[in-house]
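Data block below; observations after.
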Amino acid sequence: MIDTPLPPVSAADGASSAPAARPDPDETREWLDALDGVIETEGAGRASELVRALVERAATRGVRTPAAQTTPYVNTIAAFQQGHFPGDHDIEERLRHYVRWNAMAMVVRANRDHSELGGHVATFSSAATLYDIGFNHFWRGPNHASGGDLVYFQGHSSPGVYARAFLEGRISEEQVENFRREVDGKGVPSYPHPWLMPDFWQFATVSMGLGPLQAVYQARYMRYMRDRGFIDPADRKVWGFLGDGEIDEPETLAGLAIAAREKLDNLIFVVNCNLQRLDGPVRGNGKVIQELEGIFRGAGWNVIKTIWGSKWDPLLEADGTGMLVKLMGETLDGDYQTYKSRDGAYVREHFFGRYPETRALVERMSDDEVWALNRGGHDPVKVYAAYKAATEHRGAPTVILAKTIKGYGMGSAGEGMNIAHQQKKLMLEQLRFFRDRFSIPISDKDLENVPLIKPAPDSREAEYLRERVAKLGSVPTRRRNVEAPLAVPQRDAFAALHESTGEREISTTMAFVRTLSTILRDKTVGPRVVPIVADESRTFGMEGMFRQLGIYSAVGQLYRPQDADQLMWYREDKAGQILQEGISEAGAMCSWIASGTSYSTNGVQTLPFYIFYSMFGFQRIGDFAWAAGDMRTRGFLLGGTSGRTTLNGEGLQHEDGHAHLFAASIPNCMPYDPTFGYEVATIVQDGVRRMLAEQEDVYYYLSLLNENYQHPAMPAGAEDGILRGMYLLRDGGAQGKGQPRVQLMGSGAILREVIAAGDLLRDDFGVVADVWSCTSFTMLHRDGESAARWNLLHPTEEPRRAFVSQQLDGHAGPVIAATDYVKTFAEQIRPFVERRFHALGTDGFGRSDTRKQLRSFFEVDRRWIALAALKTLADEGTIDRAKVADAIARYGIDPAKPEPTTV
């Protein structure tokens with residue numbers, strides 16, 4: 001009947017001006033009975049097809065149907081569908097309670113000794129069952145035949161993960177005792193920090209929002225590695241744990257579309273819906289689970305709601321009128337939170353008491369039984385059923401929305417209360433309540449000491465725990481690096497880049513592409529290279545790689561590209577090597593992190609090169625860059641079109657003058673600002689060596705230019721200085737008697753202005769200028785700080801000198817440093833120069849103009865550099881101040897010019 005062609009509908013057929021038809025309950029009942037019949041005889045799949053066909057037909061006839069992005073406020077998996085729970089319920093419950101207690105105890109004990117340590121109890125209290133079922137039944141460790149699952153633990157739940165590890169014997173009592181006390185090496189970190197605890201934590205997740213987006217791109221990268229033949233992931237899963245309040249972080253939901261579009265059924269989100277943020281309700285005036293269901297379903301995810309525990313099943317079964325489901329759906333989250341901070345009598349009166357039908361459902365139940373009605377996220381049977389369904393689902397990622405209670409078990413110390421997140425101390429009566437609530441075997445005499453508990457090694461609980469660990473192949477938190485160091489290209493492979501470009505003008509971006517091409521040709525490292533761009537590959541001169549390497553697509557290329565008849569056409573391929581992420585710097589950064597940590601997550605080293613507009617790098621993804629350092633990521637970040645004055649014409653929001661300050665703040669980031677092709681090649685080659693051959697947990701940031709100019713050949717013996725941060729590029733020559741001398745330093749875009757300033761000083765004022773290429777002021781600063789610290793601690797020994805000080809030996813005169821970045825960038829080396837020092841930089845907001853005008857505006861062009869040199873010489877009495885005034889007039893510098901930083 002549905003498939004029978006119908007005549008076209010006129011515009012008036014669906015018009016609202018026609019009188020509304022009066023409801024016909026009998027007709028409605030017939031339709032519903034027909035649907036029930038289809039479900040019973042042909043199954044839910046056929047019923048779904050028919051409903052979809054009806055909706056589509058209604059749309060073609062101009063009938064507007066409700067956008068049903070949400071389902072009733074009940075469990076997605078009905079009681080009769082949930083299947084058998086395979087674990088020993090009693091033993092798992094006891095172990096779970098031990099974990100709960102120990103998690104609470106480690107925070108309470110720490111804050112008794114040192115109240116400033118802090119810590120969090122309430123988040124794990126609400127999520128304990130969600131983690132417990134995963135550990136016991138689903139999460140395979142790296143020793144498992146599957147290769148192991150990857151779990152992004154919610155950062156505030158870390159005490160619970162430690163407590164579980166304590167029971168398993170993976171961390172000691174001393175470590176638990178010293179929670180949040182790491183300086184002496186005895187304790188454990190506050191949150192998941194792989195840098196500080198590399199054999200335990202896999203991912204840094206406590207900065208909320210970062211974990212979910214990383215999980216998406218990790219699942220995607222696992223598919224990329226499979227399609228390129230590096231791994232066979234079998235049924236490996238990526239699990240991302242997050243809180244309902246964390247959903248408001250924009251990164252949390254940023255990857256939903258790509259996960260659905262690429263059908264990442266290896267990805268599972270578990271949202272701990274305890275209805276509370278850090279300070280109060282998430283959606284007090286709404287229903288966050290329903291909101292999230294609509295968001296995830298709308299994005300194409302499989303949604304599993306686990307709202308009500310097993311004790312609600314009889315009530316729902318008895319709800320013949322549907323009023324209980326109606327009541328559940330209309331009750332606001334703020335009210336649900338209030339109910340769980342009260343008691344059974346309050347729930348009976350204020351929840352069930354709203355309607356006679358629902359009041360009748362609980363009239364034979366005691367207040368204690370009403371109070372015991374549990375939420376789905378605390379019911380192991382419900383959680384297991386949800387996890388099992390999620391792992392078996394195919395064709396789309398899954399999100400589990402599990403309803404819990406923040407501070408579950410804490411009673412008056414914070415259960416369901418707005419204060420729960422901040423609770424770090426429990427009074428004796430509150431400890432007694434917690435103990436009794438979870439049947440913890442601790443006497444009244446010992447209770448005040450809040451002792452840690454652990455089952456005896458020969459107990460059934462300990463044996464059960466060992467069985468679970470053995471079956472699942474250890475635990476998913478353990479990092480690994482099973483692959484041997486790789487043989488990498490040697491310096492001679494880049495010999496062509498060490499030569500002069502002659503009359504040809506290129507940018508350092510082009511030099512980088514040539515460097516990358518050399519690495520890609522290497523038979524060992526080349527296949528491991530993962531080029532990543534957010535967008536604008538052509539801007540960075542990488543379009544030649546489209547045809548050569550292919551752009552990764554999970555489905556290949558199903559269309560004929562518009563430029564298929566051109567040499568460098570846009571080629572997508574299922575085995576493509578390039579990750580082209582679209583306009584999503586955060587997404588590209590997550591792919592970069594996934595690739596740069598593949599040595600740990602997959603046991604296969606890959607080397608990512610992520611190139612981006614420098615202004616949209618650290619400034620936009622700074623939190624991810626910091627987390628990347630924490631996670632020991634290895635790879636290259638390339639800030640293209642860098643500097644405040646090289647991206648001419650683009651203006652304030654495109655011109656980067658401060659990225660190097662962000663990079664300098666990350667201890668294991670190696671930042672460089674090269675000017676010439678041989679510098680780029682030398683730095684990249686050494687980075688490849690350090691990361692792949694030496695297995696160092698560092699990553700590199702190189703700023704690249706879009707300005708074309710001639711590149712000289714590499715000076716003999718410059719390699720060490722390039723890597724350490726400075727080398728002598730040009731000796732000013734012999735110094736005549738009484739002839740002044742200066743040391744000019746520069747990097748990146750402004751080094752060529754520094755060279756030109758040296759010519760001005762020589763030709764116009766007879767000043768000898770030595771020119772230094774400072775590839776990294778940050779590396780020079782770190783070296784200087786290291787020397788200064790050694791000297792502080794060894795006062796009776798011969799002082800060490802910073803590398804910059806050593807290099808300047810034998811080169812007289814004050815130092816002038818100029819860069820395309822804010823003055824603070826070059827100012828890093830001031831303490832170690834050991835003579836008069838003056839820095840120039842591009843402080844202030846950018847402007848749209850030509851490079852020449854911009855460098856004049858920011859006072860970093862050759863004229864300003866020469867002026868600064870002359871002024872510094874005059875300040876130390878080497879030349880007459882009249883020469884400074886002469887330079888101002890000669891170079892047309894306006895003393896009344898406003899400062900670039902003027903706002």
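Ligands are numbered from 1 in the order shown, chains are lettered A, B, ... in the order of the structure tokens, and residues start at 1 in each chain.
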Margin query: Quick one: residues within 7 Å of range 637-648 of chain A, only C-alpha atoms, excluding same-chain residues fewer than 6 positions away - as number ranges by chain?
Written below: A: 509, 609-614, 617, 655-657, 700-707, 749, 820-821, 842, 846, 848-851, 854-855
Kindly save the residues from that selection, with N, CA and C atoms included, as an mmCIF file, in the first residue's frame.
```
data_model
loop_
_atom_site.group_PDB
_atom_site.id
_atom_site.type_symbol
_atom_site.label_atom_id
_atom_site.label_comp_id
_atom_site.auth_asym_id
_atom_site.auth_seq_id
_atom_site.Cartn_x
_atom_site.Cartn_y
_atom_site.Cartn_z
ATOM 1 N N THR A 509 59.545 27.476 3.251
ATOM 2 C CA THR A 509 58.472 26.492 3.096
ATOM 3 C C THR A 509 58.799 25.552 1.950
ATOM 4 N N PHE A 609 54.165 15.142 10.257
ATOM 5 C CA PHE A 609 54.550 16.514 9.926
ATOM 6 C C PHE A 609 53.260 17.290 9.720
ATOM 7 N N TYR A 610 52.903 18.131 10.683
ATOM 8 C CA TYR A 610 51.676 18.922 10.571
ATOM 9 C C TYR A 610 52.066 20.366 10.263
ATOM 10 N N ILE A 611 51.663 20.843 9.088
ATOM 11 C CA ILE A 611 51.986 22.206 8.679
ATOM 12 C C ILE A 611 50.723 23.056 8.682
ATOM 13 N N PHE A 612 50.838 24.276 9.196
ATOM 14 C CA PHE A 612 49.666 25.129 9.371
ATOM 15 C C PHE A 612 50.102 26.592 9.324
ATOM 16 N N TYR A 613 49.143 27.478 9.158
ATOM 17 C CA TYR A 613 49.395 28.900 9.343
ATOM 18 C C TYR A 613 49.873 29.077 10.782
ATOM 19 N N SER A 614 51.050 29.694 10.968
ATOM 20 C CA SER A 614 51.618 29.749 12.315
ATOM 21 C C SER A 614 50.682 30.441 13.303
ATOM 22 N N GLY A 617 48.318 28.082 14.962
ATOM 23 C CA GLY A 617 48.922 26.916 15.574
ATOM 24 C C GLY A 617 48.804 26.974 17.069
ATOM 25 N N GLU A 655 48.881 37.573 11.222
ATOM 26 C CA GLU A 655 50.321 37.808 11.355
ATOM 27 C C GLU A 655 50.797 37.414 12.750
ATOM 28 N N ASP A 656 51.585 36.364 12.790
ATOM 29 C CA ASP A 656 52.022 35.755 14.039
ATOM 30 C C ASP A 656 53.323 36.371 14.514
ATOM 31 N N GLY A 657 53.334 36.898 15.716
ATOM 32 C CA GLY A 657 54.568 37.408 16.289
ATOM 33 C C GLY A 657 54.864 36.828 17.651
ATOM 34 N N TYR A 700 59.294 18.829 17.595
ATOM 35 C CA TYR A 700 59.929 20.013 17.033
ATOM 36 C C TYR A 700 58.888 20.989 16.502
ATOM 37 N N TYR A 701 59.193 22.273 16.674
ATOM 38 C CA TYR A 701 58.412 23.325 16.036
ATOM 39 C C TYR A 701 59.355 24.155 15.171
ATOM 40 N N LEU A 702 59.056 24.220 13.879
ATOM 41 C CA LEU A 702 59.817 25.056 12.958
ATOM 42 C C LEU A 702 58.883 26.094 12.370
ATOM 43 N N SER A 703 59.275 27.359 12.445
ATOM 44 C CA SER A 703 58.509 28.400 11.762
ATOM 45 C C SER A 703 59.070 28.549 10.349
ATOM 46 N N LEU A 704 58.172 28.618 9.371
ATOM 47 C CA LEU A 704 58.546 28.668 7.958
ATOM 48 C C LEU A 704 57.998 29.931 7.312
ATOM 49 N N LEU A 705 58.680 30.374 6.260
ATOM 50 C CA LEU A 705 58.335 31.641 5.616
ATOM 51 C C LEU A 705 57.752 31.416 4.228
ATOM 52 N N ASN A 706 56.936 32.378 3.787
ATOM 53 C CA ASN A 706 56.418 32.339 2.416
ATOM 54 C C ASN A 706 57.128 33.352 1.527
ATOM 55 N N GLU A 707 58.195 33.936 2.011
ATOM 56 C CA GLU A 707 58.949 34.946 1.263
ATOM 57 C C GLU A 707 60.051 34.257 0.454
ATOM 58 N N ALA A 749 62.577 35.637 9.223
ATOM 59 C CA ALA A 749 62.358 36.645 8.194
ATOM 60 C C ALA A 749 63.275 37.846 8.331
ATOM 61 N N ASP A 820 61.297 38.605 13.833
ATOM 62 C CA ASP A 820 59.947 38.938 13.391
ATOM 63 C C ASP A 820 58.920 38.617 14.474
ATOM 64 N N TYR A 821 59.433 38.406 15.685
ATOM 65 C CA TYR A 821 58.576 38.084 16.825
ATOM 66 C C TYR A 821 58.713 39.158 17.895
ATOM 67 N N THR A 842 58.585 42.672 17.027
ATOM 68 C CA THR A 842 57.349 43.159 16.408
ATOM 69 C C THR A 842 56.203 43.178 17.413
ATOM 70 N N GLY A 846 49.167 43.172 14.340
ATOM 71 C CA GLY A 846 49.596 43.207 12.947
ATOM 72 C C GLY A 846 48.806 44.219 12.128
ATOM 73 N N SER A 848 47.772 45.134 7.701
ATOM 74 C CA SER A 848 47.811 44.729 6.299
ATOM 75 C C SER A 848 48.647 45.739 5.524
ATOM 76 N N ASP A 849 49.707 45.265 4.895
ATOM 77 C CA ASP A 849 50.536 46.145 4.073
ATOM 78 C C ASP A 849 51.625 45.302 3.423
ATOM 79 N N THR A 850 52.542 45.958 2.737
ATOM 80 C CA THR A 850 53.663 45.260 2.130
ATOM 81 C C THR A 850 54.672 44.884 3.205
ATOM 82 N N ARG A 851 55.539 43.925 2.889
ATOM 83 C CA ARG A 851 56.562 43.534 3.851
ATOM 84 C C ARG A 851 57.443 44.723 4.218
ATOM 85 N N LEU A 854 55.585 47.014 6.556
ATOM 86 C CA LEU A 854 55.375 46.401 7.861
ATOM 87 C C LEU A 854 56.655 46.401 8.688
ATOM 88 N N ARG A 855 57.780 46.125 8.050
ATOM 89 C CA ARG A 855 59.046 46.087 8.791
ATOM 90 C C ARG A 855 59.454 47.482 9.249
#
```
Note to self: Env of Gly300 in chain A: 9 Å cut, atoms = only C-alpha atoms, seq-sep filter 6 positions within chain, self excluded. Answer as a PyMOL selection string.
What the structure shows: chain A and resi 256-257+259-261+263+396-397
Next item on the list: Select, from A:Leu315, A:Val768, A:Ala564, A:Met714, the residue with the minimum atom-to-atom distance to Gly736 in chain A, counting only C-alpha atoms.
Entry: A:Val768
Near range 324-332 of chain A, 12 Å: range 207-285 of chain A residue rows, closest pairs, only C-alpha atoms, as a tab-separated table:
```
residue	atom	partner	partner_atom	distance
A:Leu275	CA	A:Leu332	CA	10.2
A:Pro281	CA	A:Leu332	CA	10.4
A:Val282	CA	A:Leu332	CA	11.0
A:Arg283	CA	A:Leu332	CA	8.1
A:Gly284	CA	A:Leu332	CA	6.5
A:Asn285	CA	A:Leu332	CA	5.9
```
Could the residues in this selection be written to a file with N, CA and C atoms, as a PDB file, in the first residue's frame?
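To be explicit, this is the file written out as again.pdb:
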```pdb
ATOM      1  N   LEU A 275      24.630  14.680  36.225  1.00  0.00           N
ATOM      2  CA  LEU A 275      23.779  15.871  36.209  1.00  0.00           C
ATOM      3  C   LEU A 275      24.412  17.102  36.849  1.00  0.00           C
ATOM      4  N   PRO A 281      24.122  22.135  38.867  1.00  0.00           N
ATOM      5  CA  PRO A 281      23.528  21.288  37.819  1.00  0.00           C
ATOM      6  C   PRO A 281      24.071  21.624  36.431  1.00  0.00           C
ATOM      7  N   VAL A 282      24.149  20.591  35.581  1.00  0.00           N
ATOM      8  CA  VAL A 282      24.530  20.796  34.181  1.00  0.00           C
ATOM      9  C   VAL A 282      23.378  21.449  33.430  1.00  0.00           C
ATOM     10  N   ARG A 283      22.221  20.873  33.561  1.00  0.00           N
ATOM     11  CA  ARG A 283      21.011  21.424  32.931  1.00  0.00           C
ATOM     12  C   ARG A 283      19.889  21.393  33.945  1.00  0.00           C
ATOM     13  N   GLY A 284      19.992  22.211  34.967  1.00  0.00           N
ATOM     14  CA  GLY A 284      18.980  22.193  36.015  1.00  0.00           C
ATOM     15  C   GLY A 284      17.588  22.440  35.498  1.00  0.00           C
ATOM     16  N   ASN A 285      17.471  23.258  34.455  1.00  0.00           N
ATOM     17  CA  ASN A 285      16.154  23.591  33.893  1.00  0.00           C
ATOM     18  C   ASN A 285      15.813  22.727  32.680  1.00  0.00           C
TER      19      ASN A 285
END
```
Check: Ser439 in chain A: which residues within 12 Å, counting only C-alpha atoms, same-chain residues fewer than 2 positions away excluded, as an MDAnalysis selection string?
Finding: chainID A and resid 90 93:98 100:101 409 431:437 441:443
Could you write those residues out with C-alpha atoms, as a short mmCIF file (atom, residue, chain, number, x, y, z; two decimals), in the first residue's frame?
```cif
data_model
loop_
_atom_site.label_atom_id
_atom_site.label_comp_id
_atom_site.auth_asym_id
_atom_site.auth_seq_id
_atom_site.Cartn_x
_atom_site.Cartn_y
_atom_site.Cartn_z
CA ASP A 90 29.01 -10.64 44.67
CA GLU A 93 30.62 -5.80 44.09
CA ARG A 94 33.02 -6.35 46.99
CA LEU A 95 36.02 -5.44 44.85
CA ARG A 96 34.21 -2.39 43.52
CA HIS A 97 33.48 -1.26 47.06
CA TYR A 98 37.13 -1.73 48.01
CA ARG A 100 35.57 3.07 46.09
CA TRP A 101 36.92 3.13 49.62
CA GLY A 409 27.82 6.86 48.64
CA LEU A 431 33.30 7.91 57.02
CA ARG A 432 31.16 5.55 59.07
CA PHE A 433 28.26 6.09 56.68
CA PHE A 434 30.49 5.38 53.68
CA ARG A 435 31.86 2.25 55.33
CA ASP A 436 28.45 0.90 56.21
CA ARG A 437 26.93 1.83 52.84
CA PRO A 441 35.54 -4.48 56.57
CA ILE A 442 37.04 -1.78 58.81
CA SER A 443 36.38 -1.60 62.56
#
```
Item checked: Residue neighbourhood Arg724 in chain A, 12 Å, only C-alpha atoms, exclusion window fewer than 4 positions, as an MDAnalysis selection string -> chainID A and resid 670:672 679 682:683 686 718:720 773:784 802:804 807
Output file for the residues above (C-alpha atoms, as a PDB file, in the first residue's frame):
```
ATOM      1  CA  MET A 670      62.368  22.026  20.329  1.00  0.00           C
ATOM      2  CA  PRO A 671      61.567  25.375  18.625  1.00  0.00           C
ATOM      3  CA  TYR A 672      63.524  26.805  15.689  1.00  0.00           C
ATOM      4  CA  GLU A 679      69.128  25.220   8.295  1.00  0.00           C
ATOM      5  CA  THR A 682      69.827  20.183   9.211  1.00  0.00           C
ATOM      6  CA  ILE A 683      67.218  20.694  11.928  1.00  0.00           C
ATOM      7  CA  ASP A 686      68.536  15.800  13.421  1.00  0.00           C
ATOM      8  CA  ALA A 718      77.801  25.200  10.949  1.00  0.00           C
ATOM      9  CA  GLU A 719      75.812  22.080  11.852  1.00  0.00           C
ATOM     10  CA  ASP A 720      76.472  22.148  15.595  1.00  0.00           C
ATOM     11  CA  SER A 773      72.116  33.394  12.499  1.00  0.00           C
ATOM     12  CA  CYS A 774      70.232  32.523  15.657  1.00  0.00           C
ATOM     13  CA  THR A 775      68.138  29.544  14.641  1.00  0.00           C
ATOM     14  CA  SER A 776      66.731  29.236  18.158  1.00  0.00           C
ATOM     15  CA  PHE A 777      66.800  31.882  20.853  1.00  0.00           C
ATOM     16  CA  THR A 778      64.858  29.407  22.977  1.00  0.00           C
ATOM     17  CA  MET A 779      67.512  26.692  22.757  1.00  0.00           C
ATOM     18  CA  LEU A 780      70.142  29.313  23.644  1.00  0.00           C
ATOM     19  CA  HIS A 781      68.070  30.379  26.634  1.00  0.00           C
ATOM     20  CA  ARG A 782      67.660  26.815  27.891  1.00  0.00           C
ATOM     21  CA  ASP A 783      71.382  26.208  27.558  1.00  0.00           C
ATOM     22  CA  GLY A 784      72.123  29.408  29.470  1.00  0.00           C
ATOM     23  CA  ALA A 802      76.444  29.616  28.208  1.00  0.00           C
ATOM     24  CA  PHE A 803      76.890  28.598  24.582  1.00  0.00           C
ATOM     25  CA  VAL A 804      75.985  32.096  23.415  1.00  0.00           C
ATOM     26  CA  GLN A 807      80.351  31.858  20.701  1.00  0.00           C
TER      27      GLN A 807
END
```
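Close contacts of Ile551 in chain A, defined as residues with an atom at most 10 Å away when counting only C-alpha atoms, with chain neighbours fewer than 6 positions off set aside, comprise A:Pro531, A:Ile532, A:Met545, A:Gln557, A:Tyr570, A:Arg571, A:Glu572, A:Asp573, A:Lys574, A:Ala575, A:Gly576, A:Gln577, A:Ile578, A:Leu579, A:Gln580, A:Glu581.
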Mind writing the picked residues with C-alpha atoms as a short mmCIF file (atom, residue, chain, number, x, y, z; two decimals), in the first residue's frame?
```
data_model
loop_
_atom_site.label_atom_id
_atom_site.label_comp_id
_atom_site.auth_asym_id
_atom_site.auth_seq_id
_atom_site.Cartn_x
_atom_site.Cartn_y
_atom_site.Cartn_z
CA PRO A 531 51.92 14.55 6.28
CA ILE A 532 49.04 16.44 7.92
CA MET A 545 52.19 15.22 -3.08
CA GLN A 557 37.67 8.33 -4.32
CA TYR A 570 43.38 16.05 -6.07
CA ARG A 571 43.65 12.29 -5.48
CA GLU A 572 41.91 10.60 -2.59
CA ASP A 573 42.84 7.02 -1.83
CA LYS A 574 42.03 4.44 0.84
CA ALA A 575 45.77 3.86 1.19
CA GLY A 576 46.56 7.57 0.92
CA GLN A 577 49.38 8.87 3.09
CA ILE A 578 48.33 12.51 3.57
CA LEU A 579 45.81 13.40 6.26
CA GLN A 580 43.86 16.41 4.97
CA GLU A 581 41.64 17.36 7.89
#
```
Margin query: Just to confirm, what's the straight-line distance from CA of Ser48 in chain A to CA of Ala318 in chain A in Å (one decimal)?
Written below: 26.0 Å
Next item on the list: Pick out the residues sitting within 12 Å of Leu167 in chain A, and hand them over as JSON, numbers by chain; count only C-alpha atoms, and ignore anything fewer than 5 positions along from it in its own chain.
Entry: {"A": [94, 95, 96, 97, 98, 99, 100, 101, 102, 103, 160, 161, 162, 172, 173, 176, 452, 453, 454, 455, 456, 457, 461, 462, 463, 464, 465, 466, 469]}
Would you mind exporting C-alpha atoms of the selected residues as a PDB file, in the first residue's frame?
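Saved to result13.pdb:
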```pdb
ATOM      1  CA  ARG A  94      33.020  -6.350  46.992  1.00  0.00           C
ATOM      2  CA  LEU A  95      36.016  -5.442  44.852  1.00  0.00           C
ATOM      3  CA  ARG A  96      34.206  -2.388  43.524  1.00  0.00           C
ATOM      4  CA  HIS A  97      33.480  -1.256  47.057  1.00  0.00           C
ATOM      5  CA  TYR A  98      37.128  -1.734  48.010  1.00  0.00           C
ATOM      6  CA  VAL A  99      38.108   0.448  45.072  1.00  0.00           C
ATOM      7  CA  ARG A 100      35.566   3.070  46.093  1.00  0.00           C
ATOM      8  CA  TRP A 101      36.919   3.131  49.617  1.00  0.00           C
ATOM      9  CA  ASN A 102      40.580   3.320  48.609  1.00  0.00           C
ATOM     10  CA  ALA A 103      39.872   6.091  46.109  1.00  0.00           C
ATOM     11  CA  GLY A 160      39.675   5.349  41.239  1.00  0.00           C
ATOM     12  CA  VAL A 161      42.073   4.158  38.561  1.00  0.00           C
ATOM     13  CA  TYR A 162      44.912   4.252  41.092  1.00  0.00           C
ATOM     14  CA  SER A 172      52.453   0.280  45.793  1.00  0.00           C
ATOM     15  CA  GLU A 173      50.887   1.401  49.040  1.00  0.00           C
ATOM     16  CA  VAL A 176      48.910   5.588  47.084  1.00  0.00           C
ATOM     17  CA  LEU A 452      43.654   1.350  52.798  1.00  0.00           C
ATOM     18  CA  ILE A 453      42.188  -2.120  52.286  1.00  0.00           C
ATOM     19  CA  LYS A 454      43.227  -4.968  50.044  1.00  0.00           C
ATOM     20  CA  PRO A 455      42.017  -8.550  49.801  1.00  0.00           C
ATOM     21  CA  ALA A 456      44.451 -11.191  51.031  1.00  0.00           C
ATOM     22  CA  PRO A 457      46.574 -12.665  48.191  1.00  0.00           C
ATOM     23  CA  GLU A 461      38.577 -11.815  45.525  1.00  0.00           C
ATOM     24  CA  ALA A 462      42.291 -11.601  44.766  1.00  0.00           C
ATOM     25  CA  GLU A 463      42.129 -14.753  42.670  1.00  0.00           C
ATOM     26  CA  TYR A 464      39.153 -13.382  40.718  1.00  0.00           C
ATOM     27  CA  LEU A 465      41.029 -10.161  40.073  1.00  0.00           C
ATOM     28  CA  ARG A 466      44.031 -12.082  38.758  1.00  0.00           C
ATOM     29  CA  VAL A 469      43.680  -9.416  34.361  1.00  0.00           C
TER      30      VAL A 469
END
```
Margin query: Taking the DSSP secondary structure from the backbone, can you list the residues of range 212-341 of chain A that are alpha helix (DSSP H), as a count of residues only?
Written below: 60
Next item on the list: Taking the DSSP assignment computed from this structure's backbone, write out as a list in words all residues of range 347-431 of chain A that belong to strand (DSSP E).
Entry: Thr398, Val399, Ile400, Leu401, Ala402 and Lys403 of chain A
Any chance you could export the current selection's N, CA and C atoms as a PDB file, in the first residue's frame?
```pdb
ATOM      1  N   THR A 398      29.378   4.689  18.886  1.00  0.00           N
ATOM      2  CA  THR A 398      28.336   4.565  19.905  1.00  0.00           C
ATOM      3  C   THR A 398      28.631   5.488  21.075  1.00  0.00           C
ATOM      4  N   VAL A 399      27.589   6.099  21.606  1.00  0.00           N
ATOM      5  CA  VAL A 399      27.708   6.839  22.861  1.00  0.00           C
ATOM      6  C   VAL A 399      26.755   6.205  23.862  1.00  0.00           C
ATOM      7  N   ILE A 400      27.255   5.996  25.074  1.00  0.00           N
ATOM      8  CA  ILE A 400      26.445   5.485  26.179  1.00  0.00           C
ATOM      9  C   ILE A 400      26.212   6.635  27.141  1.00  0.00           C
ATOM     10  N   LEU A 401      24.959   6.968  27.345  1.00  0.00           N
ATOM     11  CA  LEU A 401      24.584   8.043  28.265  1.00  0.00           C
ATOM     12  C   LEU A 401      24.112   7.386  29.553  1.00  0.00           C
ATOM     13  N   ALA A 402      24.986   7.361  30.542  1.00  0.00           N
ATOM     14  CA  ALA A 402      24.717   6.637  31.785  1.00  0.00           C
ATOM     15  C   ALA A 402      24.378   7.605  32.905  1.00  0.00           C
ATOM     16  N   LYS A 403      23.203   7.437  33.458  1.00  0.00           N
ATOM     17  CA  LYS A 403      22.761   8.325  34.527  1.00  0.00           C
ATOM     18  C   LYS A 403      23.305   7.839  35.870  1.00  0.00           C
TER      19      LYS A 403
END
```
